[in-house]
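Structure file upload36.cif; described as mmCIF, C-alpha atoms.
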data_upload
loop_
_atom_site.label_atom_id
_atom_site.label_comp_id
_atom_site.auth_asym_id
_atom_site.auth_seq_id
_atom_site.Cartn_x
_atom_site.Cartn_y
_atom_site.Cartn_z
CA MET A 1 -139.42 12.15 27.33
CA GLY A 2 -142.08 14.51 28.61
CA TYR A 3 -141.14 15.39 32.19
CA HIS A 4 -144.21 16.96 33.70
CA ASP A 5 -144.76 18.34 37.15
CA GLU A 6 -145.19 14.90 38.60
CA ARG A 7 -142.02 13.30 39.88
CA ILE A 8 -142.71 10.10 38.02
CA THR A 9 -143.70 9.83 34.39
CA VAL A 10 -144.80 6.52 32.94
CA LEU A 11 -143.16 5.92 29.57
CA SER A 12 -145.00 4.52 26.60
CA THR A 13 -144.05 1.20 25.03
CA ALA A 14 -142.65 3.11 22.06
CA GLN A 15 -140.48 5.21 24.40
CA CYS A 16 -139.29 2.04 26.14
CA TRP A 17 -138.21 0.51 22.83
CA GLU A 18 -136.51 3.74 21.83
CA LEU A 19 -134.46 3.66 25.03
CA LEU A 20 -133.73 -0.05 24.64
CA ARG A 21 -132.49 0.51 21.08
CA ALA A 22 -130.28 3.38 22.22
CA GLY A 23 -128.68 1.39 25.05
CA ARG A 24 -126.24 -1.45 25.10
CA PHE A 25 -125.65 -2.07 28.79
CA GLY A 26 -128.24 -3.50 31.14
CA ARG A 27 -128.80 -5.92 34.00
CA LEU A 28 -130.36 -9.33 33.97
CA ALA A 29 -132.13 -10.82 36.98
CA TYR A 30 -132.94 -14.50 36.90
CA ARG A 31 -133.49 -17.42 39.19
CA LEU A 32 -131.01 -20.18 39.81
CA GLY A 33 -132.73 -22.70 42.02
CA THR A 34 -134.34 -20.61 44.74
CA GLU A 35 -131.71 -17.89 44.51
CA VAL A 36 -132.02 -14.64 42.62
CA ASN A 37 -129.03 -13.62 40.55
CA LEU A 38 -128.36 -10.19 39.11
CA VAL A 39 -125.65 -9.51 36.56
CA PRO A 40 -124.69 -6.72 34.18
CA VAL A 41 -124.81 -7.61 30.49
CA ASN A 42 -124.03 -6.02 27.15
CA TYR A 43 -127.06 -6.39 24.96
CA GLY A 44 -128.46 -5.47 21.60
CA VAL A 45 -131.94 -5.21 20.14
CA ASP A 46 -132.79 -7.53 17.25
CA GLY A 47 -136.29 -6.85 15.96
CA ASP A 48 -138.57 -7.20 18.95
CA THR A 49 -136.09 -9.25 20.98
CA LEU A 50 -133.00 -8.55 23.07
CA LEU A 51 -129.80 -10.54 22.60
CA PHE A 52 -126.80 -10.96 24.82
CA ARG A 53 -123.80 -13.24 24.86
CA THR A 54 -122.82 -15.36 27.77
CA ALA A 55 -120.27 -18.01 28.54
CA GLU A 56 -121.31 -21.36 29.95
CA GLY A 57 -122.08 -20.87 33.59
CA ASP A 58 -124.66 -19.80 36.09
CA LYS A 59 -126.24 -17.21 33.85
CA LEU A 60 -126.86 -19.66 31.03
CA LEU A 61 -127.92 -22.43 33.38
CA GLY A 62 -130.29 -20.06 35.14
CA VAL A 63 -132.13 -18.96 32.03
CA VAL A 64 -132.34 -22.53 30.74
CA MET A 65 -133.81 -23.74 34.04
CA HIS A 66 -135.99 -20.67 34.69
CA PRO A 67 -136.61 -18.85 31.42
CA ASP A 68 -138.71 -16.10 33.04
CA VAL A 69 -136.24 -13.26 33.44
CA VAL A 70 -136.24 -9.55 34.10
CA PHE A 71 -133.96 -7.16 32.29
CA GLU A 72 -133.41 -3.52 33.16
CA ILE A 73 -131.71 -0.49 31.68
CA ASP A 74 -131.47 2.95 33.16
CA GLU A 75 -129.73 6.27 32.86
CA HIS A 76 -129.44 8.82 35.60
CA ASP A 77 -127.81 12.13 36.40
CA GLY A 78 -128.15 14.46 39.35
CA GLU A 79 -131.58 15.69 38.32
CA GLN A 80 -133.44 12.88 36.67
CA ALA A 81 -133.41 9.23 35.85
CA HIS A 82 -135.28 6.83 33.70
CA SER A 83 -135.50 3.10 33.73
CA VAL A 84 -137.02 0.44 31.53
CA VAL A 85 -137.85 -2.95 33.00
CA VAL A 86 -138.49 -5.81 30.62
CA ARG A 87 -140.13 -9.04 31.74
CA GLY A 88 -139.68 -11.79 29.24
CA THR A 89 -138.71 -15.29 28.31
CA ALA A 90 -135.11 -16.20 27.68
CA ARG A 91 -133.83 -18.99 25.50
CA ARG A 92 -130.43 -19.98 24.21
CA LEU A 93 -130.21 -19.57 20.46
CA GLU A 94 -129.40 -22.61 18.36
CA GLU A 95 -126.05 -22.55 16.60
CA ASP A 96 -127.65 -21.69 13.26
CA GLU A 97 -129.31 -18.62 14.84
CA GLU A 98 -126.23 -17.27 16.57
CA HIS A 99 -125.36 -15.14 13.55
CA ARG A 100 -128.14 -12.81 14.72
CA ALA A 101 -125.77 -11.50 17.38
CA ASP A 102 -123.11 -10.79 14.77
CA ASP A 103 -125.70 -9.25 12.44
CA ILE A 104 -126.53 -6.57 15.01
CA GLY A 105 -122.87 -6.05 15.92
CA LEU A 106 -123.33 -7.23 19.47
CA GLU A 107 -120.14 -6.79 21.44
CA SER A 108 -118.94 -9.16 24.07
CA TRP A 109 -116.75 -8.39 27.02
CA LEU A 110 -114.39 -11.26 26.41
CA GLY A 111 -113.37 -11.77 22.81
CA THR A 112 -111.48 -14.97 23.44
CA VAL A 113 -114.14 -17.09 25.12
CA LYS A 114 -116.70 -19.23 23.33
CA TYR A 115 -120.02 -17.54 23.84
CA ASN A 116 -123.58 -18.62 23.66
CA VAL A 117 -126.24 -16.19 22.55
CA VAL A 118 -129.35 -15.76 24.64
CA GLU A 119 -132.51 -14.16 23.34
CA ILE A 120 -135.05 -12.42 25.57
CA ARG A 121 -138.51 -12.15 24.09
CA PRO A 122 -140.29 -9.40 26.05
CA ALA A 123 -143.70 -10.15 27.48
CA SER A 124 -144.07 -6.72 29.07
CA LEU A 125 -142.22 -3.43 29.13
CA SER A 126 -142.43 -0.93 31.93
CA GLY A 127 -140.69 2.42 31.73
CA ARG A 128 -140.54 5.28 34.18
CA ALA A 129 -138.84 8.64 34.29
CA PHE A 130 -138.07 10.19 37.68
CA ARG A 131 -137.13 13.68 38.70
CA PHE A 132 -135.08 14.06 41.87
CA GLY A 133 -135.31 16.72 44.49
CA ASP A 134 -138.17 19.12 45.03
CA MET B 1 -109.13 0.35 39.85
CA GLY B 2 -106.15 -1.39 38.29
CA TYR B 3 -107.05 -2.26 34.69
CA HIS B 4 -104.51 -4.80 33.56
CA ASP B 5 -104.20 -6.56 30.26
CA GLU B 6 -106.98 -8.93 31.11
CA ARG B 7 -110.43 -7.81 30.09
CA ILE B 8 -111.86 -8.51 33.50
CA THR B 9 -110.40 -7.38 36.80
CA VAL B 10 -111.79 -8.67 40.06
CA LEU B 11 -112.23 -5.85 42.56
CA SER B 12 -111.30 -6.15 46.20
CA THR B 13 -113.88 -5.84 48.95
CA ALA B 14 -112.40 -2.45 49.84
CA GLN B 15 -112.79 -1.30 46.23
CA CYS B 16 -116.39 -2.55 46.22
CA TRP B 17 -117.19 -0.51 49.33
CA GLU B 18 -115.48 2.54 47.88
CA LEU B 19 -117.70 2.30 44.79
CA LEU B 20 -120.79 1.67 46.90
CA ARG B 21 -120.04 4.73 49.02
CA ALA B 22 -119.53 6.86 45.91
CA GLY B 23 -122.80 5.79 44.32
CA ARG B 24 -126.40 6.51 45.08
CA PHE B 25 -128.31 4.73 42.35
CA GLY B 26 -128.55 0.96 42.03
CA ARG B 27 -130.89 -1.90 41.26
CA LEU B 28 -132.52 -4.35 43.60
CA ALA B 29 -133.49 -7.88 42.56
CA TYR B 30 -135.75 -9.82 44.87
CA ARG B 31 -138.29 -12.59 44.82
CA LEU B 32 -142.01 -12.09 45.09
CA GLY B 33 -143.55 -15.52 45.20
CA THR B 34 -141.83 -17.44 42.43
CA GLU B 35 -141.28 -14.30 40.37
CA VAL B 36 -138.11 -12.29 40.18
CA ASN B 37 -138.48 -8.52 40.38
CA LEU B 38 -135.88 -5.95 39.44
CA VAL B 39 -136.22 -2.27 40.27
CA PRO B 40 -133.97 0.79 40.35
CA VAL B 41 -133.47 2.35 43.77
CA ASN B 42 -131.74 5.34 45.29
CA TYR B 43 -129.59 4.11 48.11
CA GLY B 44 -127.06 5.21 50.67
CA VAL B 45 -124.37 3.50 52.72
CA ASP B 46 -124.76 3.54 56.49
CA GLY B 47 -121.81 1.86 58.17
CA ASP B 48 -121.63 -1.60 56.68
CA THR B 49 -125.23 -1.61 55.47
CA LEU B 50 -127.14 -0.16 52.53
CA LEU B 51 -130.37 1.76 53.04
CA PHE B 52 -133.12 2.66 50.62
CA ARG B 53 -136.61 4.03 50.97
CA THR B 54 -139.66 2.40 49.52
CA ALA B 55 -143.37 2.91 49.61
CA GLU B 56 -145.68 0.11 50.64
CA GLY B 57 -145.97 -2.26 47.74
CA ASP B 58 -144.38 -5.15 45.95
CA LYS B 59 -140.82 -4.15 46.79
CA LEU B 60 -141.47 -4.02 50.51
CA LEU B 61 -143.62 -7.13 50.46
CA GLY B 62 -140.99 -8.97 48.50
CA VAL B 63 -138.13 -8.26 50.89
CA VAL B 64 -140.30 -9.06 53.88
CA MET B 65 -141.31 -12.41 52.39
CA HIS B 66 -137.92 -13.26 50.86
CA PRO B 67 -135.21 -11.25 52.61
CA ASP B 68 -132.41 -12.67 50.47
CA VAL B 69 -131.86 -9.97 47.89
CA VAL B 70 -129.27 -8.93 45.35
CA PHE B 71 -128.27 -5.33 44.82
CA GLU B 72 -126.13 -4.02 41.99
CA ILE B 73 -124.42 -0.80 41.01
CA ASP B 74 -122.41 -0.12 37.90
CA GLU B 75 -120.85 2.60 35.84
CA HIS B 76 -119.92 2.31 32.20
CA ASP B 77 -118.64 4.34 29.31
CA GLY B 78 -117.57 3.36 25.81
CA GLU B 79 -114.32 1.81 26.95
CA GLN B 80 -114.84 0.23 30.32
CA ALA B 81 -117.35 -0.66 32.95
CA HIS B 82 -117.40 -1.80 36.51
CA SER B 83 -120.09 -3.40 38.57
CA VAL B 84 -120.52 -4.36 42.19
CA VAL B 85 -123.03 -7.06 43.10
CA VAL B 86 -124.10 -7.33 46.73
CA ARG B 87 -125.86 -10.38 48.08
CA GLY B 88 -127.47 -9.72 51.39
CA THR B 89 -130.38 -9.81 53.75
CA ALA B 90 -133.01 -7.12 53.68
CA ARG B 91 -135.22 -6.01 56.53
CA ARG B 92 -137.58 -3.14 57.07
CA LEU B 93 -136.29 -0.79 59.74
CA GLU B 94 -138.43 -0.18 62.80
CA GLU B 95 -139.82 3.29 63.17
CA ASP B 96 -137.24 4.23 65.80
CA GLU B 97 -134.43 3.29 63.38
CA GLU B 98 -135.75 5.17 60.39
CA HIS B 99 -133.75 8.26 61.34
CA ARG B 100 -130.72 6.43 59.98
CA ALA B 101 -131.93 7.26 56.47
CA ASP B 102 -132.19 10.93 57.36
CA ASP B 103 -128.82 10.83 59.11
CA ILE B 104 -127.07 9.83 55.89
CA GLY B 105 -129.11 12.27 53.79
CA LEU B 106 -130.80 9.55 51.80
CA GLU B 107 -132.91 11.06 49.07
CA SER B 108 -136.16 9.62 47.90
CA TRP B 109 -137.74 9.99 44.53
CA LEU B 110 -141.09 11.01 45.88
CA GLY B 111 -141.00 13.52 48.68
CA THR B 112 -144.70 13.44 49.35
CA VAL B 113 -145.24 9.75 50.02
CA LYS B 114 -144.81 7.99 53.32
CA TYR B 115 -141.75 5.83 53.01
CA ASN B 116 -140.43 2.82 54.77
CA VAL B 117 -136.71 2.34 55.10
CA VAL B 118 -135.18 -0.97 54.13
CA GLU B 119 -131.73 -2.04 55.21
CA ILE B 120 -129.59 -4.49 53.28
CA ARG B 121 -126.90 -6.21 55.30
CA PRO B 122 -124.37 -7.56 52.79
CA ALA B 123 -123.34 -11.18 53.08
CA SER B 124 -121.03 -11.02 50.07
CA LEU B 125 -119.67 -8.41 47.69
CA SER B 126 -118.48 -9.16 44.20
CA GLY B 127 -116.95 -6.46 42.03
CA ARG B 128 -115.63 -6.60 38.51
CA ALA B 129 -114.12 -4.12 36.10
CA PHE B 130 -114.40 -4.80 32.38
CA ARG B 131 -112.67 -3.35 29.39
CA PHE B 132 -114.55 -3.38 26.08
CA GLY B 133 -113.20 -3.97 22.63
CA ASP B 134 -109.87 -5.51 21.70
#
Output the file's structure as structure tokens, nothing else.
Amino acid sequence: MGYHDERITVLSTAQCWELLRAGRFGRLAYRLGTEVNLVPVNYGVDGDTLLFRTAEGDKLLGVVMHPDVVFEIDEHDGEQAHSVVVRGTARRLEEDEEHRADDIGLESWLGTVKYNVVEIRPASLSGRAFRFGD
Amino acid sequence: MGYHDERITVLSTAQCWELLRAGRFGRLAYRLGTEVNLVPVNYGVDGDTLLFRTAEGDKLLGVVMHPDVVFEIDEHDGEQAHSVVVRGTARRLEEDEEHRADDIGLESWLGTVKYNVVEIRPASLSGRAFRFGD
């Protein structure tokens, strides 16, 4: 990841994708009306898109009404942290595309509920690594 | 934390505060104009408020313009996860209040930059614990 003397290192797009592919747990921020919502989601990478499952509700309504979303992953320990912030466009997959979530083995938190699959197509990726302390 | 047979457990307000007090790394979602921003922040709990430091920039401008923010912490491993989502009002502390950040030993990621301190006063806390898999 190339931690240099600077406290903050800007990650390359390739590094961002590497971290996104290695993760499976992130947070989605989206608008619902004038409110901002922020929720944790399990996700997977499918090609150059991110997929997550969601039940009917605010999250799905939000991304349908305001498809511009922000998604974030991070890892941190006592000494360093990195985060990747994805700005992109969300859309609910049609029924005949939903197999894409199964194809990448995307887990859901509730096996018993009917889920919709939402795709995020990234417009920009921004990754940073931080070192704590002196 | 009380994981029962259900996949999702709703956490009490007391449990949410316990997790907030134990953490120091979260994510802030806020509006800047019509856009949603999402950034990782180091934070600390001071009484019944959350504090974080930020340099001049989008984050500070955003919370000044749209003080209604959402803050989230989570922890996850292969088997379970929990998250706490805080909805609240952000304000920049006056200079004579900034010592509150020092008083709680709030770390910043960049020691060399002049920081402002932002306080989030929670209006609601929502915590959930999830179990993965079957």
Please superimpose chain A on chain B using every C-alpha atom, paired by order, in a least-squares fit, and write the moved chain as a CSV table (one decimal) with C-alpha atoms, in the coordinates of the input.
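selection-v5.csv written:
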chain,number,residue,atom,x,y,z
A,1,MET,CA,-109.1,0.5,39.8
A,2,GLY,CA,-106.1,-1.3,38.3
A,3,TYR,CA,-107.1,-2.2,34.7
A,4,HIS,CA,-104.5,-4.7,33.6
A,5,ASP,CA,-104.2,-6.5,30.3
A,6,GLU,CA,-107.0,-8.9,31.2
A,7,ARG,CA,-110.4,-7.8,30.1
A,8,ILE,CA,-111.9,-8.5,33.5
A,9,THR,CA,-110.4,-7.4,36.8
A,10,VAL,CA,-111.8,-8.7,40.1
A,11,LEU,CA,-112.2,-5.9,42.5
A,12,SER,CA,-111.3,-6.2,46.2
A,13,THR,CA,-113.9,-5.9,48.9
A,14,ALA,CA,-112.4,-2.5,49.8
A,15,GLN,CA,-112.8,-1.3,46.2
A,16,CYS,CA,-116.4,-2.6,46.2
A,17,TRP,CA,-117.2,-0.5,49.3
A,18,GLU,CA,-115.5,2.5,47.9
A,19,LEU,CA,-117.7,2.3,44.8
A,20,LEU,CA,-120.8,1.7,46.9
A,21,ARG,CA,-120.0,4.7,49.0
A,22,ALA,CA,-119.5,6.8,45.9
A,23,GLY,CA,-122.8,5.8,44.3
A,24,ARG,CA,-126.4,6.5,45.1
A,25,PHE,CA,-128.3,4.7,42.3
A,26,GLY,CA,-128.6,1.0,42.0
A,27,ARG,CA,-130.9,-1.9,41.3
A,28,LEU,CA,-132.5,-4.4,43.6
A,29,ALA,CA,-133.5,-7.9,42.6
A,30,TYR,CA,-135.8,-9.8,44.9
A,31,ARG,CA,-138.3,-12.6,44.8
A,32,LEU,CA,-142.0,-12.1,45.1
A,33,GLY,CA,-143.6,-15.5,45.2
A,34,THR,CA,-141.9,-17.4,42.4
A,35,GLU,CA,-141.3,-14.3,40.4
A,36,VAL,CA,-138.1,-12.3,40.2
A,37,ASN,CA,-138.5,-8.5,40.4
A,38,LEU,CA,-135.9,-6.0,39.4
A,39,VAL,CA,-136.2,-2.3,40.3
A,40,PRO,CA,-134.0,0.8,40.4
A,41,VAL,CA,-133.5,2.4,43.8
A,42,ASN,CA,-131.7,5.3,45.3
A,43,TYR,CA,-129.6,4.1,48.1
A,44,GLY,CA,-127.1,5.2,50.7
A,45,VAL,CA,-124.4,3.5,52.7
A,46,ASP,CA,-124.8,3.5,56.5
A,47,GLY,CA,-121.8,1.9,58.2
A,48,ASP,CA,-121.6,-1.6,56.7
A,49,THR,CA,-125.2,-1.6,55.5
A,50,LEU,CA,-127.1,-0.1,52.5
A,51,LEU,CA,-130.4,1.8,53.0
A,52,PHE,CA,-133.1,2.7,50.6
A,53,ARG,CA,-136.6,4.0,51.0
A,54,THR,CA,-139.6,2.4,49.5
A,55,ALA,CA,-143.4,2.9,49.6
A,56,GLU,CA,-145.7,0.1,50.6
A,57,GLY,CA,-146.0,-2.3,47.7
A,58,ASP,CA,-144.4,-5.1,45.9
A,59,LYS,CA,-140.8,-4.2,46.8
A,60,LEU,CA,-141.5,-4.0,50.5
A,61,LEU,CA,-143.6,-7.1,50.5
A,62,GLY,CA,-141.0,-9.0,48.5
A,63,VAL,CA,-138.1,-8.3,50.9
A,64,VAL,CA,-140.3,-9.1,53.9
A,65,MET,CA,-141.3,-12.4,52.4
A,66,HIS,CA,-137.9,-13.2,50.9
A,67,PRO,CA,-135.2,-11.3,52.6
A,68,ASP,CA,-132.4,-12.7,50.5
A,69,VAL,CA,-131.8,-10.0,47.9
A,70,VAL,CA,-129.3,-8.9,45.3
A,71,PHE,CA,-128.3,-5.3,44.8
A,72,GLU,CA,-126.1,-4.0,42.0
A,73,ILE,CA,-124.4,-0.8,41.0
A,74,ASP,CA,-122.4,-0.1,37.9
A,75,GLU,CA,-120.9,2.6,35.8
A,76,HIS,CA,-119.9,2.3,32.2
A,77,ASP,CA,-118.6,4.3,29.3
A,78,GLY,CA,-117.6,3.3,25.8
A,79,GLU,CA,-114.3,1.8,27.0
A,80,GLN,CA,-114.8,0.2,30.3
A,81,ALA,CA,-117.4,-0.7,32.9
A,82,HIS,CA,-117.4,-1.8,36.5
A,83,SER,CA,-120.1,-3.4,38.6
A,84,VAL,CA,-120.5,-4.4,42.2
A,85,VAL,CA,-123.0,-7.1,43.1
A,86,VAL,CA,-124.1,-7.3,46.7
A,87,ARG,CA,-125.9,-10.4,48.1
A,88,GLY,CA,-127.5,-9.7,51.4
A,89,THR,CA,-130.4,-9.8,53.7
A,90,ALA,CA,-133.0,-7.1,53.7
A,91,ARG,CA,-135.2,-6.0,56.5
A,92,ARG,CA,-137.6,-3.1,57.1
A,93,LEU,CA,-136.3,-0.8,59.7
A,94,GLU,CA,-138.4,-0.2,62.8
A,95,GLU,CA,-139.8,3.3,63.2
A,96,ASP,CA,-137.2,4.2,65.8
A,97,GLU,CA,-134.4,3.3,63.4
A,98,GLU,CA,-135.7,5.2,60.4
A,99,HIS,CA,-133.8,8.3,61.3
A,100,ARG,CA,-130.7,6.4,60.0
A,101,ALA,CA,-131.9,7.3,56.5
A,102,ASP,CA,-132.2,10.9,57.4
A,103,ASP,CA,-128.8,10.8,59.1
A,104,ILE,CA,-127.1,9.8,55.9
A,105,GLY,CA,-129.1,12.3,53.8
A,106,LEU,CA,-130.8,9.6,51.8
A,107,GLU,CA,-132.9,11.1,49.1
A,108,SER,CA,-136.2,9.7,47.9
A,109,TRP,CA,-137.8,10.0,44.6
A,110,LEU,CA,-141.1,11.0,45.9
A,111,GLY,CA,-141.0,13.5,48.7
A,112,THR,CA,-144.8,13.4,49.4
A,113,VAL,CA,-145.3,9.7,50.0
A,114,LYS,CA,-144.8,8.0,53.3
A,115,TYR,CA,-141.8,5.8,53.0
A,116,ASN,CA,-140.4,2.8,54.8
A,117,VAL,CA,-136.7,2.3,55.1
A,118,VAL,CA,-135.2,-1.0,54.1
A,119,GLU,CA,-131.7,-2.0,55.2
A,120,ILE,CA,-129.6,-4.5,53.3
A,121,ARG,CA,-126.9,-6.2,55.3
A,122,PRO,CA,-124.4,-7.6,52.8
A,123,ALA,CA,-123.3,-11.2,53.1
A,124,SER,CA,-121.0,-11.0,50.1
A,125,LEU,CA,-119.7,-8.4,47.7
A,126,SER,CA,-118.5,-9.2,44.2
A,127,GLY,CA,-116.9,-6.5,42.0
A,128,ARG,CA,-115.6,-6.6,38.5
A,129,ALA,CA,-114.1,-4.1,36.1
A,130,PHE,CA,-114.4,-4.8,32.4
A,131,ARG,CA,-112.7,-3.4,29.4
A,132,PHE,CA,-114.5,-3.4,26.1
A,133,GLY,CA,-113.2,-4.0,22.6
A,134,ASP,CA,-109.9,-5.5,21.8
Please determine, counting all atoms listed in the file, which residue among B:His82, B:Gly57, B:Thr89, B:Leu50 has the shortest atom-to-atom distance to Val69 in chain B.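 Of all the options, B:Thr89 lies closest to Val69 in chain B.
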Taking the file as shown, find all residues satisfying the PyMOL selection byres ((chain A) within 9 of (chain B)) and write them as a count of residues only. 35
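Candidate residues B:Asp103, B:Glu18, B:Glu79, B:Glu98 were compared for distance to Arg53 in chain B, and the nearest is B:Glu98, using all atoms listed in the file.
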Run the PyMOL selection byres ((chain A and resi 116) around 8) on the file and write out the hits as a count of residues only. 11
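A straight line drawn from CA of Arg21 in chain B to CA of Leu51 in chain B is 11.5 Å long.
Here CA of Ser126 in chain B stands at a distance of 18.8 Å from CA of Asp46 in chain B.
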What does the structure give for the distance between CA of Leu60 in chain B and CA of Glu95 in chain B, in Å to one decimal? 14.7 Å
Considering only C-alpha atoms, state which residue in the set B:Leu20, B:Met65, B:Val10, B:Ala129 is at the smallest distance from Asp48 in chain B.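 Selected residue with least distance to Asp48 in chain B: B:Leu20.
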Give the centre and edge lengths of an axis-aligned box, in Å to one decimal, that holds all listed atoms of range 42-60 of chain B with 5 Å on each side, as JSON.
{"center_x": -133.8, "center_y": 0.1, "center_z": 51.7, "size_x": 34.3, "size_y": 20.5, "size_z": 22.9}
Point out the residue among B:Val45, B:Leu32, B:Gly127, B:Trp17 with the least atom-to-atom distance to Gly62 in chain B, counting all atoms listed in the file. B:Leu32
Could you please fill out range 51-67 of chain A with N, CA, C and O atoms and send it back as a tab-separated table (two decimals), in the frame of the given file?
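Result file is result.tsv:
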chain	number	residue	atom	x	y	z
A	51	LEU	N	-130.81	-9.48	22.66
A	51	LEU	CA	-129.80	-10.54	22.60
A	51	LEU	C	-128.63	-10.18	23.49
A	51	LEU	O	-128.25	-9.01	23.59
A	52	PHE	N	-128.08	-11.17	24.15
A	52	PHE	CA	-126.80	-10.96	24.82
A	52	PHE	C	-125.98	-12.23	24.73
A	52	PHE	O	-126.52	-13.32	24.48
A	53	ARG	N	-124.69	-12.10	24.91
A	53	ARG	CA	-123.80	-13.24	24.86
A	53	ARG	C	-123.44	-13.64	26.27
A	53	ARG	O	-123.30	-12.81	27.15
A	54	THR	N	-123.26	-14.91	26.46
A	54	THR	CA	-122.82	-15.36	27.77
A	54	THR	C	-122.01	-16.63	27.63
A	54	THR	O	-122.25	-17.44	26.74
A	55	ALA	N	-121.04	-16.77	28.50
A	55	ALA	CA	-120.27	-18.01	28.54
A	55	ALA	C	-121.09	-19.06	29.29
A	55	ALA	O	-122.07	-18.76	29.96
A	56	GLU	N	-120.69	-20.31	29.13
A	56	GLU	CA	-121.31	-21.36	29.95
A	56	GLU	C	-121.17	-20.95	31.41
A	56	GLU	O	-120.17	-20.40	31.83
A	57	GLY	N	-122.18	-21.23	32.18
A	57	GLY	CA	-122.08	-20.87	33.59
A	57	GLY	C	-123.43	-20.63	34.18
A	57	GLY	O	-124.45	-20.98	33.60
A	58	ASP	N	-123.42	-20.01	35.35
A	58	ASP	CA	-124.66	-19.80	36.09
A	58	ASP	C	-125.73	-19.07	35.28
A	58	ASP	O	-126.91	-19.40	35.34
A	59	LYS	N	-125.28	-18.06	34.54
A	59	LYS	CA	-126.24	-17.21	33.85
A	59	LYS	C	-127.00	-18.04	32.81
A	59	LYS	O	-128.22	-17.98	32.71
A	60	LEU	N	-126.23	-18.84	32.05
A	60	LEU	CA	-126.86	-19.66	31.03
A	60	LEU	C	-127.71	-20.76	31.66
A	60	LEU	O	-128.84	-21.01	31.25
A	61	LEU	N	-127.17	-21.37	32.68
A	61	LEU	CA	-127.92	-22.43	33.38
A	61	LEU	C	-129.21	-21.87	33.95
A	61	LEU	O	-130.28	-22.48	33.85
A	62	GLY	N	-129.11	-20.69	34.54
A	62	GLY	CA	-130.29	-20.06	35.14
A	62	GLY	C	-131.40	-19.84	34.13
A	62	GLY	O	-132.56	-20.20	34.38
A	63	VAL	N	-131.07	-19.28	32.99
A	63	VAL	CA	-132.13	-18.96	32.03
A	63	VAL	C	-132.65	-20.22	31.34
A	63	VAL	O	-133.79	-20.25	30.87
A	64	VAL	N	-131.85	-21.26	31.29
A	64	VAL	CA	-132.34	-22.53	30.74
A	64	VAL	C	-133.31	-23.18	31.73
A	64	VAL	O	-134.36	-23.69	31.35
A	65	MET	N	-132.96	-23.11	33.02
A	65	MET	CA	-133.81	-23.74	34.04
A	65	MET	C	-135.05	-22.90	34.35
A	65	MET	O	-136.12	-23.44	34.60
A	66	HIS	N	-134.88	-21.59	34.36
A	66	HIS	CA	-135.99	-20.67	34.69
A	66	HIS	C	-136.02	-19.58	33.64
A	66	HIS	O	-135.43	-18.51	33.85
A	67	PRO	N	-136.70	-19.81	32.53
A	67	PRO	CA	-136.61	-18.85	31.42
A	67	PRO	C	-137.29	-17.50	31.69
A	67	PRO	O	-137.08	-16.57	30.91
